[in-house]
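In what follows, a structure is listed as structure tokens, so that the remarks can point back to it.
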Amino acid sequence: MTKYNPVTPEIAERLKEICGAPYVIYNDAERLEPYSRDEIPGTHYRRMPEVVVRPDTTDRVAAIMRLANSELIPVTPRGAGSGLSGGAVPVFGGIVMAMDRFNKVVELDTANMTITVEPGVIANDVNEYLKPHGLFYAGYPMSVEMCQIGGNVAENAGGGKAVKYGVTSRYVLGLEMVLPDGRVLNLGGKLLKDVTGYNLIPLMTGSEGTLGVFTKIILKVIPRPRFQHDLLALFSTRDQAVAAVPAMITGTGITPVSIEFMDGEAFRQGCRWLNDPLPLGRAGAILLVSVDGNDPGTLADQCEALGVYLRREGADEIYAADTKAESERIWKIRRSIPEAFSQLYPRQSGEDIVVPCASIPDVVTKCGELARKYGVAIPCYGHAGDGNVHSRVCAPADWSDEKWDETLPVLLRELYAEVARLGGRISGEHGIGCKRKPYMETVVSREYLDTLRAIKNALDPNGIMNPGKIF
Ligand SMILES: Cc1cc2nc3c(=O)[nH]c(=O)nc-3n(C[C@H](O)[C@H](O)[C@H](O)COP(=O)(O)OP(=O)(O)OC[C@H]3O[C@@H](n4cnc5c(N)ncnc54)[C@H](O)[C@@H]3O)c2cc1C
């Protein structure tokens, strides 16, 4: 284990020289505290940084990395802190590098259909910028209004449009990044194909801030679909709802933009959080299915075909969101579920398991079995159309911390063993971070872990880049 050095007042002074004094937080517990955590509920995954720096140029990032590398001080890059795996938590203290001042759109190139952005641009703002140009960036995590593009790239974020459009990595064409020793590496460009050596962009996309700091990102954009239609299918039970997912595409010949799943409890909590009395509370589970395109007639036909399919699969009722406002109302409820749960239970664990799509029903059934066996609640929701289930393991209010700390790892190992048996993984989009680190070996081989470690050691031999994550 590398021994890290503390951030001394002399180091803090040098950081101020690099960034400018107003952009360095040191010796100020109240202002450092928000950088000690991400959006994982509770107090388990928290650690105060010794110093926070907020650089705004690649040269400054490089100078900070050179200093940290020579002084053996850990550096944790931080986007908006909306992560759900502890990725931005500085588990060894040291420097937190907040990227919020890297907030510019550098260039829109309509001829090449690319947008070049700094990593601190908020994901939603990319689309707001593109809208007047009739263009579209398909990333749509449920945290879209708060998370940064840099954080999306670092986690290879998924979200609510991935069934049709795929996850972040499909859109990253180029990266400028600062390596742990301060060298600047440029990858890719405005190219739609490139086999010049190893394909490093997919390696860096999803590297959770452990291999370097992104300072510029080139994203592919596509024409904006003019219309989106949303269907809500209500089922009596969650087993029925998830059973309808795997064959939806082959059964209708339609690839929806999204197939989102919410069990009754998740949906009700989302409504409660927003104080929205949407009168669907009686449903056991809901599928939110969206299609998009440019031709209203085709979309109407697709909704009709999906409706017929969903009824055949047991949906009791189907509603179409007729207006933009209704669509936004439903999606807002869906986006609010994580936040609603995080406030509700003092002891809970948000899971991000991903299985082959056809195994979604098995994993939801397993969650039900485990809930009964261990006496906990496990509501489920998520991006069912791409096999990604967010189950929340929630302890009853009268459990002690000791009982929770004893039970959770046993329950998770049992759940993950089933996930592995189904050919799945423990994270589909939130990443490993420090939260899932102890469970890596439940789903991957020693050879896989050794290969990850070899890459890490080659690029970061001193282990200063976001240590304590992944392995
Ligand atoms: C309500 C809610 C809903 C969510 N829904 C989704 C969803 O649908 N899909 C999904 O994928 N995720 C979702 N998330 C999780 C989270 O929003 C994503 O993981 C997001 O990509 C994190 O972005 P961020 O800017 O907040 O990054 P942070 O949380 O600040 O950091 C995440 C990781 O990225 C690294 N990092 C950040 N910026 C850089 C950079 N410039 N260079 C290198 N490394 C960097 C950090 O070191 C850390 O390891 C949700 C979270 C919440 C709270």
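Letters A, B, ... go to the chains of the structure tokens in the order shown; residues in each chain start at 1; ligands are counted from 1 in the same order.
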
*Let me have all residues with an atom within 7 Å of ligand 1, counting only C-alpha atoms and all ligand atoms, laid out as number ranges by chain.*
A: 38-39, 76-84, 87-88, 99, 119-120, 140-143, 146-160, 208-210, 212-215, 335-336, 338-339, 429-430, 433, 466

*asked:* If DSSP is run on the backbone, what residues of stretch 52-101 of chain A are alpha helix (DSSP H)? A reply as a list in words would be ideal.
replied: Thr58, Asp59, Arg60, Val61, Ala62, Ala63, Ile64, Met65, Arg66, Leu67, Ala68, Asn69, Ser70 and Glu71 of chain A

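Shell of stretch 316-326 of chain A at 7 Å, with only C-alpha atoms counted and residues fewer than 2 places along the chain excluded, is A:His229, A:Asp230, A:Leu231, A:Leu232, A:Ala233, A:Leu234, A:Phe235, A:Gly307, A:Arg311, A:Gly314, A:Glu328, A:Arg329, A:Ile330.
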
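Atom CA of A:Tyr4 is positioned 17.6 Å from atom CA of A:Leu459.
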
_Could you go through stretch 195-395 of chain A and tell me which residues DSSP, when run on the backbone, assigns to strand (DSSP E or B), listing them as a VMD selection string?_
chain A and resid 213 to 220 222 to 223 227 to 235 258 to 263 285 to 293 317 to 321 348 to 350 352 to 354 377 380 to 383 388 to 394

*asked:* Which residues are near A:Pro90? Cut-off 10 Å, only C-alpha atoms, ignore same chain within fewer than 4 positions. Put them as an NGL selection string.
replied: :A and (35-37 or 45-50 or 74-78 or 86 or 94-97 or 434 or 466-469)

*Closest to A:Lys164 among A:Gln269, A:Asn69, A:Asn186, A:Ser290, using only C-alpha atoms?*
A:Ser290

*Kindly give the distance, in Å, that separates atom CA of A:Ile378 and atom CA of A:Val245, rounded to a single decimal.*
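Atom-to-atom, atom CA of A:Ile378 to atom CA of A:Val245, that is 19.8 Å.
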